[in-house]
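Undergrad: Handing you a structure now.
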Amino acid sequence: MGSAMARRPDHELTAQVRPDGYLELLSRRTGKRHRCGPRGTTMWLALQRSGWQPELAADEIALQLGVDPDSIRCDIQAWLAHFREAGE
């Protein structure tokens, strides 16, 4: 059984940081825009740095915030599921 995140979202999503500091993801396929708050931005950047491995990204964020990696892992999985369900 392969990883649930076999697809790298950055192939379909273009990311840019807006002047207000929020991350905006644009789906090249659908043209939809998704605006991420600070938490989503942190998750996106950690996923990029970890090679799109949710476990490694969760560990990085948990270390930064001083929280349990399991809670962050759940947040990351839910966040990624949102994009998969949206067809992006």
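In the structure tokens, each chain is lettered A, B, ... as it comes, each chain's residues begin at 1, and ligands are numbered from 1 in order of appearance.
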Please give the complete set of residues from chain A that DSSP, run on the backbone, assigns to strand (DSSP E), formatted as JSON, numbers by chain.
TA: {"A": [13, 14, 15, 16, 17, 23, 24, 25, 26, 27, 33, 34, 35, 36]}
Undergrad: Taking the chain letters and numbering used in this document, name the residues of chain A that DSSP puts in alpha helix (DSSP H), as a PyMOL selection string.
TA: chain A and resi 38-49+54-65+69-85
Undergrad: Kindly indicate which residue among A:Gly21, A:Gln77, A:Thr30, A:Cys36 lies nearest to Gln53 in chain A, using only C-alpha atoms for the distances.
TA: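 When distances to Gln53 in chain A are compared using only C-alpha atoms, the smallest one comes from A:Gln77.
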Undergrad: Using only C-alpha atoms, pick whichever of A:Ala57, A:Leu63, A:Leu13, A:Met43 has the shortest atom-to-atom distance to Arg84 in chain A.
TA: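 Among the listed residues, A:Leu13 lies closest to Arg84 in chain A.
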